[in-house]
>>> print(open('model12.cif').read())   # mmCIF, C-alpha atoms
data_input
#
loop_
_atom_site.group_PDB
_atom_site.id
_atom_site.type_symbol
_atom_site.label_atom_id
_atom_site.label_comp_id
_atom_site.auth_asym_id
_atom_site.auth_seq_id
_atom_site.Cartn_x
_atom_site.Cartn_y
_atom_site.Cartn_z
ATOM 1 C CA MET A 1055 -142.559 23.309 -24.275
ATOM 2 C CA GLU A 1056 -141.454 26.671 -25.634
ATOM 3 C CA ILE A 1057 -140.227 29.651 -23.615
ATOM 4 C CA ARG A 1058 -142.632 31.873 -25.543
ATOM 5 C CA VAL A 1059 -145.635 29.751 -24.518
ATOM 6 C CA LEU A 1060 -144.517 29.786 -20.879
ATOM 7 C CA GLN A 1061 -144.532 33.593 -21.076
ATOM 8 C CA TYR A 1062 -148.068 33.433 -22.466
ATOM 9 C CA PHE A 1063 -149.148 31.155 -19.623
ATOM 10 C CA LEU A 1064 -147.651 33.447 -16.971
ATOM 11 C CA ALA A 1065 -149.406 36.441 -18.498
ATOM 12 C CA ILE A 1066 -152.761 34.663 -18.126
ATOM 13 C CA ALA A 1067 -151.928 33.639 -14.558
ATOM 14 C CA LYS A 1068 -151.053 37.248 -13.733
ATOM 15 C CA GLU A 1069 -154.047 38.866 -15.422
ATOM 16 C CA GLN A 1070 -156.508 36.087 -14.474
ATOM 17 C CA SER A 1071 -158.068 36.745 -17.840
ATOM 18 C CA ILE A 1072 -157.322 35.526 -21.364
ATOM 19 C CA ILE A 1073 -158.717 38.763 -22.817
ATOM 20 C CA ARG A 1074 -156.483 41.035 -20.704
ATOM 21 C CA ALA A 1075 -153.476 38.741 -21.194
ATOM 22 C CA ALA A 1076 -153.980 38.801 -24.974
ATOM 23 C CA GLU A 1077 -154.074 42.608 -24.887
ATOM 24 C CA SER A 1078 -150.867 42.816 -22.828
ATOM 25 C CA LEU A 1079 -149.139 40.382 -25.206
ATOM 26 C CA HIS A 1080 -150.512 42.094 -28.330
ATOM 27 C CA LEU A 1081 -152.086 38.835 -29.497
ATOM 28 C CA SER A 1082 -155.588 37.975 -30.577
ATOM 29 C CA GLN A 1083 -157.663 36.095 -28.010
ATOM 30 C CA PRO A 1084 -158.158 33.026 -30.293
ATOM 31 C CA THR A 1085 -154.389 32.801 -30.903
ATOM 32 C CA LEU A 1086 -153.616 32.892 -27.183
ATOM 33 C CA SER A 1087 -156.358 30.369 -26.355
ATOM 34 C CA THR A 1088 -155.020 28.006 -29.018
ATOM 35 C CA GLN A 1089 -151.462 28.234 -27.682
ATOM 36 C CA ILE A 1090 -152.589 27.394 -24.147
ATOM 37 C CA LYS A 1091 -154.783 24.555 -25.394
ATOM 38 C CA HIS A 1092 -151.764 23.060 -27.194
ATOM 39 C CA LEU A 1093 -149.711 23.414 -23.993
ATOM 40 C CA GLU A 1094 -152.366 21.538 -22.001
ATOM 41 C CA GLU A 1095 -152.464 18.827 -24.662
ATOM 42 C CA GLU A 1096 -148.662 18.568 -24.621
ATOM 43 C CA LEU A 1097 -148.602 18.127 -20.845
ATOM 44 C CA GLY A 1098 -151.741 16.015 -20.720
ATOM 45 C CA LYS A 1099 -153.111 18.145 -17.877
ATOM 46 C CA GLN A 1100 -155.672 20.914 -17.506
ATOM 47 C CA LEU A 1101 -153.891 24.071 -16.380
ATOM 48 C CA LEU A 1102 -156.680 26.651 -16.323
ATOM 49 C CA ILE A 1103 -160.225 26.710 -15.031
ATOM 50 C CA ARG A 1104 -162.201 28.991 -17.315
ATOM 51 C CA GLY A 1105 -164.919 31.051 -15.686
ATOM 52 C CA THR A 1106 -168.552 31.010 -16.713
ATOM 53 C CA LYS A 1107 -170.138 33.708 -18.824
ATOM 54 C CA GLY A 1108 -171.098 35.577 -15.680
ATOM 55 C CA SER A 1109 -167.500 35.467 -14.407
ATOM 56 C CA ARG A 1110 -164.656 35.242 -16.897
ATOM 57 C CA LYS A 1111 -161.988 35.102 -14.181
ATOM 58 C CA ILE A 1112 -159.337 32.457 -14.853
ATOM 59 C CA THR A 1113 -158.027 30.319 -11.985
ATOM 60 C CA LEU A 1114 -155.199 27.777 -11.983
ATOM 61 C CA THR A 1115 -155.567 24.078 -11.357
ATOM 62 C CA GLU A 1116 -153.114 22.378 -8.998
ATOM 63 C CA GLU A 1117 -150.982 21.447 -12.031
ATOM 64 C CA GLY A 1118 -151.262 25.042 -13.248
ATOM 65 C CA MET A 1119 -149.911 26.371 -9.951
ATOM 66 C CA ILE A 1120 -146.954 23.981 -10.186
ATOM 67 C CA LEU A 1121 -146.243 25.123 -13.743
ATOM 68 C CA ARG A 1122 -146.490 28.778 -12.734
ATOM 69 C CA LYS A 1123 -143.797 28.341 -10.073
ATOM 70 C CA ARG A 1124 -141.491 26.399 -12.397
ATOM 71 C CA ALA A 1125 -142.109 28.740 -15.336
ATOM 72 C CA GLU A 1126 -141.092 31.739 -13.228
ATOM 73 C CA GLU A 1127 -137.869 29.947 -12.235
ATOM 74 C CA ILE A 1128 -137.158 28.926 -15.851
ATOM 75 C CA LEU A 1129 -137.665 32.447 -17.209
ATOM 76 C CA ASP A 1130 -135.514 33.953 -14.442
ATOM 77 C CA LEU A 1131 -132.745 31.547 -15.397
ATOM 78 C CA VAL A 1132 -133.186 32.349 -19.111
ATOM 79 C CA ARG A 1133 -132.884 36.089 -18.432
ATOM 80 C CA LYS A 1134 -129.805 35.519 -16.259
ATOM 81 C CA THR A 1135 -128.177 33.396 -18.964
ATOM 82 C CA GLU A 1136 -128.936 35.923 -21.707
ATOM 83 C CA ASN A 1137 -127.390 38.719 -19.648
ATOM 84 C CA GLU A 1138 -124.218 36.711 -19.027
ATOM 85 C CA ILE A 1139 -123.759 35.746 -22.689
ATOM 86 C CA THR A 1140 -124.446 39.165 -24.207
ATOM 87 C CA LEU A 1141 -122.023 41.091 -21.983
ATOM 88 C CA SER A 1142 -118.919 42.637 -23.523
ATOM 89 C CA ASP A 1143 -115.727 40.587 -23.365
ATOM 90 C CA HIS A 1144 -113.855 43.624 -22.060
ATOM 91 C CA THR A 1145 -116.256 45.026 -19.483
ATOM 92 C CA ILE A 1146 -117.178 43.571 -16.111
ATOM 93 C CA PHE A 1147 -120.831 44.394 -16.109
ATOM 94 C CA GLY A 1148 -123.767 42.319 -14.926
ATOM 95 C CA ASP A 1149 -125.483 40.664 -11.990
ATOM 96 C CA ILE A 1150 -124.355 38.653 -8.990
ATOM 97 C CA TYR A 1151 -126.960 36.557 -7.183
ATOM 98 C CA ILE A 1152 -126.349 35.623 -3.538
ATOM 99 C CA GLY A 1153 -128.552 33.591 -1.217
ATOM 100 C CA ALA A 1154 -128.053 33.991 2.513
ATOM 101 C CA GLY A 1155 -129.706 33.427 5.829
ATOM 102 C CA GLU A 1156 -129.986 36.039 8.534
ATOM 103 C CA THR A 1157 -126.468 36.416 9.889
ATOM 104 C CA ASP A 1158 -124.147 39.208 10.923
ATOM 105 C CA GLY A 1159 -121.554 37.483 8.729
ATOM 106 C CA MET A 1160 -123.290 39.098 5.762
ATOM 107 C CA ARG A 1161 -121.299 42.225 6.644
ATOM 108 C CA GLN A 1162 -118.158 40.586 5.300
ATOM 109 C CA LEU A 1163 -119.743 39.902 1.920
ATOM 110 C CA ALA A 1164 -121.178 43.421 1.954
ATOM 111 C CA ARG A 1165 -117.699 44.921 2.404
ATOM 112 C CA VAL A 1166 -116.367 42.903 -0.534
ATOM 113 C CA ALA A 1167 -119.382 43.850 -2.648
ATOM 114 C CA GLY A 1168 -118.887 47.535 -1.858
ATOM 115 C CA LYS A 1169 -115.174 47.399 -2.674
ATOM 116 C CA LEU A 1170 -115.813 45.581 -5.951
ATOM 117 C CA ARG A 1171 -118.584 47.938 -7.043
ATOM 118 C CA GLU A 1172 -116.289 50.945 -6.579
ATOM 119 C CA LEU A 1173 -113.972 49.401 -9.189
ATOM 120 C CA HIS A 1174 -116.761 48.061 -11.399
ATOM 121 C CA PRO A 1175 -119.928 50.169 -11.022
ATOM 122 C CA GLY A 1176 -121.673 48.086 -13.681
ATOM 123 C CA ILE A 1177 -122.024 45.173 -11.245
ATOM 124 C CA HIS A 1178 -125.407 44.790 -9.580
ATOM 125 C CA TYR A 1179 -126.207 42.556 -6.598
ATOM 126 C CA HIS A 1180 -129.344 40.572 -5.923
ATOM 127 C CA ILE A 1181 -129.739 39.160 -2.397
ATOM 128 C CA CYS A 1182 -132.212 36.340 -1.699
ATOM 129 C CA SER A 1183 -132.874 35.687 1.981
ATOM 130 C CA GLY A 1184 -133.779 32.279 3.362
ATOM 131 C CA ASN A 1185 -132.563 29.368 5.455
ATOM 132 C CA ALA A 1186 -129.962 26.814 4.343
ATOM 133 C CA VAL A 1187 -132.562 24.623 2.625
ATOM 134 C CA TYR A 1188 -133.801 27.579 0.583
ATOM 135 C CA VAL A 1189 -130.264 28.656 -0.322
ATOM 136 C CA LYS A 1190 -129.169 25.191 -1.467
ATOM 137 C CA GLU A 1191 -132.342 24.666 -3.497
ATOM 138 C CA HIS A 1192 -131.695 27.932 -5.359
ATOM 139 C CA LEU A 1193 -128.060 26.975 -5.922
ATOM 140 C CA ASP A 1194 -129.037 23.581 -7.282
ATOM 141 C CA LYS A 1195 -131.483 25.192 -9.719
ATOM 142 C CA GLY A 1196 -128.887 27.709 -10.912
ATOM 143 C CA LEU A 1197 -130.930 30.675 -9.693
ATOM 144 C CA ILE A 1198 -128.088 32.098 -7.575
ATOM 145 C CA ASP A 1199 -124.306 32.152 -7.925
ATOM 146 C CA PHE A 1200 -123.333 31.856 -4.260
ATOM 147 C CA GLY A 1201 -124.908 30.881 -0.981
ATOM 148 C CA MET A 1202 -123.902 31.684 2.570
ATOM 149 C CA ILE A 1203 -124.899 29.059 5.113
ATOM 150 C CA LEU A 1204 -124.266 28.106 8.714
ATOM 151 C CA GLY A 1205 -122.457 24.847 9.336
ATOM 152 C CA MET A 1206 -120.455 22.442 7.187
ATOM 153 C CA PRO A 1207 -121.851 22.020 3.643
ATOM 154 C CA ASP A 1208 -121.976 18.833 1.577
ATOM 155 C CA LEU A 1209 -118.545 18.918 -0.079
ATOM 156 C CA ASP A 1210 -119.593 16.284 -2.592
ATOM 157 C CA LYS A 1211 -122.031 18.812 -4.092
ATOM 158 C CA TYR A 1212 -120.521 22.200 -3.317
ATOM 159 C CA GLU A 1213 -117.260 24.079 -3.290
ATOM 160 C CA ALA A 1214 -116.893 25.972 -0.045
ATOM 161 C CA LEU A 1215 -114.950 28.867 1.382
ATOM 162 C CA LYS A 1216 -114.885 29.067 5.169
ATOM 163 C CA LEU A 1217 -115.386 32.611 6.396
ATOM 164 C CA PRO A 1218 -113.406 33.830 9.422
ATOM 165 C CA SER A 1219 -116.406 35.048 11.405
ATOM 166 C CA LYS A 1220 -118.610 32.757 13.491
ATOM 167 C CA ASP A 1221 -122.209 33.132 14.562
ATOM 168 C CA ARG A 1222 -122.815 33.059 18.308
ATOM 169 C CA TRP A 1223 -126.074 31.593 19.615
ATOM 170 C CA GLY A 1224 -128.049 32.965 22.500
ATOM 171 C CA VAL A 1225 -131.485 34.077 23.646
ATOM 172 C CA LEU A 1226 -133.393 37.193 22.636
ATOM 173 C CA MET A 1227 -135.705 38.466 25.376
ATOM 174 C CA PRO A 1228 -137.323 41.624 26.760
ATOM 175 C CA LYS A 1229 -135.032 43.678 28.971
ATOM 176 C CA ASP A 1230 -137.468 43.308 31.863
ATOM 177 C CA SER A 1231 -137.720 39.494 31.633
ATOM 178 C CA PRO A 1232 -136.599 37.308 34.579
ATOM 179 C CA LEU A 1233 -133.561 35.973 32.668
ATOM 180 C CA ALA A 1234 -132.318 39.398 31.527
ATOM 181 C CA GLY A 1235 -130.278 39.822 34.709
ATOM 182 C CA LYS A 1236 -128.089 36.809 33.862
ATOM 183 C CA GLU A 1237 -124.824 37.161 31.940
ATOM 184 C CA SER A 1238 -125.488 33.925 30.054
ATOM 185 C CA ILE A 1239 -128.279 31.385 29.692
ATOM 186 C CA SER A 1240 -127.945 27.739 30.736
ATOM 187 C CA PRO A 1241 -130.112 24.877 29.424
ATOM 188 C CA GLU A 1242 -131.942 24.626 32.748
ATOM 189 C CA ASP A 1243 -133.000 28.273 32.486
ATOM 190 C CA LEU A 1244 -135.149 27.435 29.457
ATOM 191 C CA TRP A 1245 -136.699 24.101 30.412
ATOM 192 C CA ASP A 1246 -139.911 25.719 31.675
ATOM 193 C CA LYS A 1247 -139.959 28.819 29.461
ATOM 194 C CA PRO A 1248 -142.019 29.471 26.289
ATOM 195 C CA LEU A 1249 -139.562 29.277 23.390
ATOM 196 C CA LEU A 1250 -139.371 30.552 19.825
ATOM 197 C CA LEU A 1251 -137.121 28.419 17.624
ATOM 198 C CA SER A 1252 -136.059 28.799 14.011
ATOM 199 C CA GLN A 1253 -137.667 26.389 11.551
ATOM 200 C CA GLN A 1254 -134.245 25.126 10.543
ATOM 201 C CA GLU A 1255 -133.449 24.216 14.139
ATOM 202 C CA THR A 1256 -136.802 22.465 14.610
ATOM 203 C CA ARG A 1257 -135.574 20.043 11.930
ATOM 204 C CA GLY A 1258 -132.057 19.860 13.351
ATOM 205 C CA ARG A 1259 -130.568 18.604 16.581
ATOM 206 C CA MET A 1260 -127.993 21.214 17.647
ATOM 207 C CA ILE A 1261 -130.199 23.086 20.115
ATOM 208 C CA LEU A 1262 -131.769 19.862 21.379
ATOM 209 C CA GLN A 1263 -128.342 18.465 22.180
ATOM 210 C CA TRP A 1264 -127.409 21.656 23.981
ATOM 211 C CA ILE A 1265 -130.634 21.971 25.951
ATOM 212 C CA GLY A 1266 -130.757 18.286 26.905
ATOM 213 C CA ARG A 1267 -134.482 17.852 26.318
ATOM 214 C CA SER A 1268 -136.710 16.502 23.546
ATOM 215 C CA PHE A 1269 -139.168 18.740 21.700
ATOM 216 C CA SER A 1270 -142.067 17.126 23.535
ATOM 217 C CA GLU A 1271 -140.527 18.134 26.872
ATOM 218 C CA LEU A 1272 -140.086 21.768 25.840
ATOM 219 C CA ASN A 1273 -142.646 24.535 25.532
ATOM 220 C CA ILE A 1274 -141.964 25.585 21.917
ATOM 221 C CA THR A 1275 -144.750 28.046 21.219
ATOM 222 C CA THR A 1276 -143.530 29.356 17.852
ATOM 223 C CA SER A 1277 -141.266 28.433 14.956
ATOM 224 C CA TYR A 1278 -139.946 31.251 12.790
ATOM 225 C CA ASN A 1279 -138.126 31.783 9.523
ATOM 226 C CA LEU A 1280 -137.151 35.453 9.826
ATOM 227 C CA LEU A 1281 -135.817 36.613 13.185
ATOM 228 C CA PHE A 1282 -137.114 40.158 12.771
ATOM 229 C CA ASN A 1283 -140.683 38.860 12.787
ATOM 230 C CA ALA A 1284 -139.893 36.635 15.757
ATOM 231 C CA SER A 1285 -138.402 39.605 17.610
ATOM 232 C CA LEU A 1286 -141.773 41.367 17.421
ATOM 233 C CA LEU A 1287 -143.393 38.373 19.107
ATOM 234 C CA VAL A 1288 -140.687 38.367 21.772
ATOM 235 C CA GLU A 1289 -141.300 42.065 22.389
ATOM 236 C CA GLU A 1290 -144.989 41.312 22.910
ATOM 237 C CA GLY A 1291 -144.123 38.733 25.560
ATOM 238 C CA LEU A 1292 -144.747 35.519 23.631
ATOM 239 C CA GLY A 1293 -141.516 33.911 24.781
ATOM 240 C CA TYR A 1294 -137.749 33.640 24.457
ATOM 241 C CA ALA A 1295 -136.193 33.308 20.981
ATOM 242 C CA ILE A 1296 -133.144 31.066 20.646
ATOM 243 C CA CYS A 1297 -131.239 32.765 17.853
ATOM 244 C CA ILE A 1298 -128.003 34.203 16.496
ATOM 245 C CA ASP A 1299 -126.413 37.360 17.862
ATOM 246 C CA GLY A 1300 -126.003 40.543 15.843
ATOM 247 C CA ILE A 1301 -129.168 40.378 13.741
ATOM 248 C CA ILE A 1302 -131.562 42.309 15.968
ATOM 249 C CA ASN A 1303 -130.462 45.661 17.356
ATOM 250 C CA THR A 1304 -130.623 45.472 21.153
ATOM 251 C CA SER A 1305 -128.848 48.752 21.895
ATOM 252 C CA GLY A 1306 -130.178 52.198 22.713
ATOM 253 C CA ASP A 1307 -133.952 52.423 23.085
ATOM 254 C CA SER A 1308 -134.595 48.781 22.152
ATOM 255 C CA ASN A 1309 -136.841 46.892 24.565
ATOM 256 C CA LEU A 1310 -134.900 43.688 23.869
ATOM 257 C CA CYS A 1311 -131.606 42.213 25.036
ATOM 258 C CA PHE A 1312 -129.471 39.259 23.980
ATOM 259 C CA ARG A 1313 -127.739 36.799 26.311
ATOM 260 C CA PRO A 1314 -125.325 34.114 25.019
ATOM 261 C CA LEU A 1315 -125.780 30.432 25.692
ATOM 262 C CA SER A 1316 -123.621 28.674 28.263
ATOM 263 C CA PRO A 1317 -122.003 26.305 27.379
ATOM 264 C CA SER A 1318 -121.505 28.474 24.306
ATOM 265 C CA ILE A 1319 -122.483 27.476 20.773
ATOM 266 C CA GLU A 1320 -120.727 29.051 17.801
ATOM 267 C CA THR A 1321 -121.419 28.107 14.185
ATOM 268 C CA ASP A 1322 -118.995 28.386 11.290
ATOM 269 C CA LEU A 1323 -120.032 30.323 8.196
ATOM 270 C CA TYR A 1324 -119.377 29.143 4.653
ATOM 271 C CA LEU A 1325 -119.677 30.703 1.226
ATOM 272 C CA ILE A 1326 -120.680 27.886 -1.129
ATOM 273 C CA TRP A 1327 -121.250 27.381 -4.857
ATOM 274 C CA LYS A 1328 -122.002 24.406 -7.079
ATOM 275 C CA LYS A 1329 -119.158 22.137 -8.116
ATOM 276 C CA TYR A 1330 -117.995 22.657 -11.714
ATOM 277 C CA GLN A 1331 -119.985 25.890 -11.887
ATOM 278 C CA ILE A 1332 -119.120 28.222 -14.751
ATOM 279 C CA PHE A 1333 -119.276 31.754 -13.402
ATOM 280 C CA SER A 1334 -120.178 34.960 -15.156
ATOM 281 C CA LYS A 1335 -117.398 37.557 -15.153
ATOM 282 C CA PRO A 1336 -118.921 39.544 -12.255
ATOM 283 C CA ALA A 1337 -119.359 36.385 -10.154
ATOM 284 C CA GLU A 1338 -115.826 35.225 -10.959
ATOM 285 C CA LYS A 1339 -114.441 38.629 -9.974
ATOM 286 C CA PHE A 1340 -116.480 38.589 -6.753
ATOM 287 C CA LEU A 1341 -115.054 35.198 -5.753
ATOM 288 C CA MET A 1342 -111.490 36.299 -6.543
ATOM 289 C CA THR A 1343 -111.976 39.472 -4.506
ATOM 290 C CA ILE A 1344 -113.297 37.683 -1.432
ATOM 291 C CA GLN A 1345 -110.509 35.087 -1.642
ATOM 292 C CA GLU A 1346 -107.940 37.884 -1.794
ATOM 293 C CA SER A 1347 -109.650 39.626 1.124
ATOM 294 C CA LEU A 1348 -109.507 36.487 3.247
ATOM 295 C CA SER A 1349 -105.849 35.820 2.407
ATOM 296 C CA VAL A 1350 -104.951 39.352 3.546
ATOM 297 C CA GLU A 1351 -106.856 38.897 6.829
ATOM 298 C CA ILE A 1352 -105.191 35.535 7.497
ATOM 299 C CA SER A 1353 -101.697 36.867 6.784
#
>>> encode(input="model12.cif", output="structure tokens")
Amino acid sequence: MEIRVLQYFLAIAKEQSIIRAAESLHLSQPTLSTQIKHLEEELGKQLLIRGTKGSRKITLTEEGMILRKRAEEILDLVRKTENEITLSDHTIFGDIYIGAGETDGMRQLARVAGKLRELHPGIHYHICSGNAVYVKEHLDKGLIDFGMILGMPDLDKYEALKLPSKDRWGVLMPKDSPLAGKESISPEDLWDKPLLLSQQETRGRMILQWIGRSFSELNITTSYNLLFNASLLVEEGLGYAICIDGIINTSGDSNLCFRPLSPSIETDLYLIWKKYQIFSKPAEKFLMTIQESLSVEIS
């Protein structure tokens, strides 16, 4: 399977037409069709469903959709590798890829990134947002250099740097809700309330242990991946979101407020990367800078 043919396949998937894809690639239609036919024969699977004469629109088979996703990841990794190899030996110039969930701890990485970019303006940052599962999957595939996650990582797979900040858990709610008058929220306060819970926590046990109830005993109306979207549902009265502090602005004219859990729950933050990873110069400099920053704060 050649990189060039994967690029041809993605062009067809994007254009939904062999004719338009051939034009964008500056190839003849028969040449492009032959290349894709050879790819299907190599894989032993049909990748494209060709339209009839009345409709020449191309659609992907199930195997074609799988290949499209993997081909995009492969080509992203190829581009990243080419950039790292072709950089000057004397100039720190290039890209740093970071995966992170929604957390106020991102401010610490942002400060380091800003400081480093002042010294090396040729460094560019790419931030991918997602939960811990998403971040670790992208690390494992080599699509990002670093990940920031909540909770202890698997130290058999990853190197880890514990960050000094912690994420505090609580409840996001409208300012006029019955629980808004409390300084903190106890498990009993939520037993009969409609709840919004992050998808990561619906697979975990931390909140369940705190709240002292099983999922079947709770009224979990919504699971969410991004808290901003969940906050809109909270504002419309769909329930109380159990979440991390500092992500949604609850000051000023906001209709929302945040109340911490009691007993409190705080989660450690870690910067992680793959064991035995060979960093690009920008990524290596980023790690050195954040390590130096943390040593100064500790001292």
>>> residues_around(input="model12.cif", residues="Lys1339 in chain A", least_positions_apart="3", cutoff="12 Å", atoms="all atoms listed in the file", output="list in words")
Thr1145, Ile1146, Phe1147, Gly1148, Asp1149, Ile1150, Val1166, Ala1167, Lys1169, Leu1170, Arg1171, Leu1173, His1174, Ile1177, Asp1199, Phe1333, Ser1334, Lys1335, Pro1336, Met1342, Thr1343, Ile1344, Gln1345 and Glu1346 of chain A
>>> resolve_selection(input="model12.cif", expression="the PyMOL selection byres ((chain A and resi 1209-1224) around 7)", output="MDAnalysis selection string")
chainID A and resid 1159 1207:1208 1225:1226 1296:1299 1312:1315 1319:1329
>>> atom_distance(input="model12.cif", atom1="CA of Tyr1179 in chain A", atom2="CA of Leu1163 in chain A")
11.0 Å
>>> atom_distance(input="model12.cif", atom1="CA of Thr1276 in chain A", atom2="CA of Asn1303 in chain A")
20.9 Å
>>> atom_distance(input="model12.cif", atom1="CA of Glu1289 in chain A", atom2="CA of Ser1268 in chain A")
26.0 Å
>>> resolve_selection(input="model12.cif", expression="the PyMOL selection byres ((chain A and resi 1101) around 6)", output="PDB file with C-alpha atoms, keeping the file's coordinate frame")
ATOM      1  CA  GLN A1100    -155.672  20.914 -17.506  1.00  0.00           C
ATOM      2  CA  LEU A1102    -156.680  26.651 -16.323  1.00  0.00           C
ATOM      3  CA  LEU A1114    -155.199  27.777 -11.983  1.00  0.00           C
ATOM      4  CA  THR A1115    -155.567  24.078 -11.357  1.00  0.00           C
ATOM      5  CA  GLU A1117    -150.982  21.447 -12.031  1.00  0.00           C
ATOM      6  CA  GLY A1118    -151.262  25.042 -13.248  1.00  0.00           C
TER       7      GLY A1118
END
>>> closest_residue(input="model12.cif", among="A:Phe1282, A:Trp1245, A:Phe1340, A:Tyr1330", to="Ser1270 in chain A", atoms="all atoms listed in the file")
A:Trp1245
>>> resolve_selection(input="model12.cif", expression="the PyMOL selection byres ((chain A and resi 1135) around 12)", output="PDB file with C-alpha atoms, in the coordinates of the input")
ATOM      1  CA  ILE A1128    -137.158  28.926 -15.851  1.00  0.00           C
ATOM      2  CA  LEU A1129    -137.665  32.447 -17.209  1.00  0.00           C
ATOM      3  CA  ASP A1130    -135.514  33.953 -14.442  1.00  0.00           C
ATOM      4  CA  LEU A1131    -132.745  31.547 -15.397  1.00  0.00           C
ATOM      5  CA  VAL A1132    -133.186  32.349 -19.111  1.00  0.00           C
ATOM      6  CA  ARG A1133    -132.884  36.089 -18.432  1.00  0.00           C
ATOM      7  CA  LYS A1134    -129.805  35.519 -16.259  1.00  0.00           C
ATOM      8  CA  GLU A1136    -128.936  35.923 -21.707  1.00  0.00           C
ATOM      9  CA  ASN A1137    -127.390  38.719 -19.648  1.00  0.00           C
ATOM     10  CA  GLU A1138    -124.218  36.711 -19.027  1.00  0.00           C
ATOM     11  CA  ILE A1139    -123.759  35.746 -22.689  1.00  0.00           C
ATOM     12  CA  THR A1140    -124.446  39.165 -24.207  1.00  0.00           C
ATOM     13  CA  LEU A1141    -122.023  41.091 -21.983  1.00  0.00           C
ATOM     14  CA  GLY A1148    -123.767  42.319 -14.926  1.00  0.00           C
ATOM     15  CA  ASP A1149    -125.483  40.664 -11.990  1.00  0.00           C
ATOM     16  CA  ILE A1150    -124.355  38.653  -8.990  1.00  0.00           C
ATOM     17  CA  GLY A1196    -128.887  27.709 -10.912  1.00  0.00           C
ATOM     18  CA  LEU A1197    -130.930  30.675  -9.693  1.00  0.00           C
ATOM     19  CA  ILE A1198    -128.088  32.098  -7.575  1.00  0.00           C
ATOM     20  CA  ASP A1199    -124.306  32.152  -7.925  1.00  0.00           C
ATOM     21  CA  ILE A1332    -119.120  28.222 -14.751  1.00  0.00           C
ATOM     22  CA  PHE A1333    -119.276  31.754 -13.402  1.00  0.00           C
ATOM     23  CA  SER A1334    -120.178  34.960 -15.156  1.00  0.00           C
TER      24      SER A1334
END
>>> closest_residue(input="model12.cif", among="A:Leu1064, A:Leu1121, A:Met1227, A:Leu1280", to="Asn1309 in chain A", atoms="all atoms listed in the file")
A:Met1227
>>> residues_around(input="model12.cif", residues="Asp1246 in chain A", least_positions_apart="6", cutoff="12 Å", atoms="only C-alpha atoms", output="list in words")
Ile1265, Arg1267, Glu1271, Leu1272, Asn1273, Ile1274, Thr1275, Gly1293 and Tyr1294 of chain A
>>> write_last_selection(input="model12.cif", atoms="C-alpha atoms", output="PDB file, in the frame of the given file")
ATOM      1  CA  ILE A1265    -130.634  21.971  25.951  1.00  0.00           C
ATOM      2  CA  ARG A1267    -134.482  17.852  26.318  1.00  0.00           C
ATOM      3  CA  GLU A1271    -140.527  18.134  26.872  1.00  0.00           C
ATOM      4  CA  LEU A1272    -140.086  21.768  25.840  1.00  0.00           C
ATOM      5  CA  ASN A1273    -142.646  24.535  25.532  1.00  0.00           C
ATOM      6  CA  ILE A1274    -141.964  25.585  21.917  1.00  0.00           C
ATOM      7  CA  THR A1275    -144.750  28.046  21.219  1.00  0.00           C
ATOM      8  CA  GLY A1293    -141.516  33.911  24.781  1.00  0.00           C
ATOM      9  CA  TYR A1294    -137.749  33.640  24.457  1.00  0.00           C
TER      10      TYR A1294
END
>>> closest_residue(input="model12.cif", among="A:Thr1157, A:Asp1230, A:Pro1241, A:Gly1205", to="Ile1302 in chain A", atoms="all atoms listed in the file")
A:Thr1157
>>> closest_residue(input="model12.cif", among="A:Lys1068, A:Lys1229, A:Ile1261, A:Leu1250", to="Ser1308 in chain A", atoms="all atoms listed in the file")
A:Lys1229
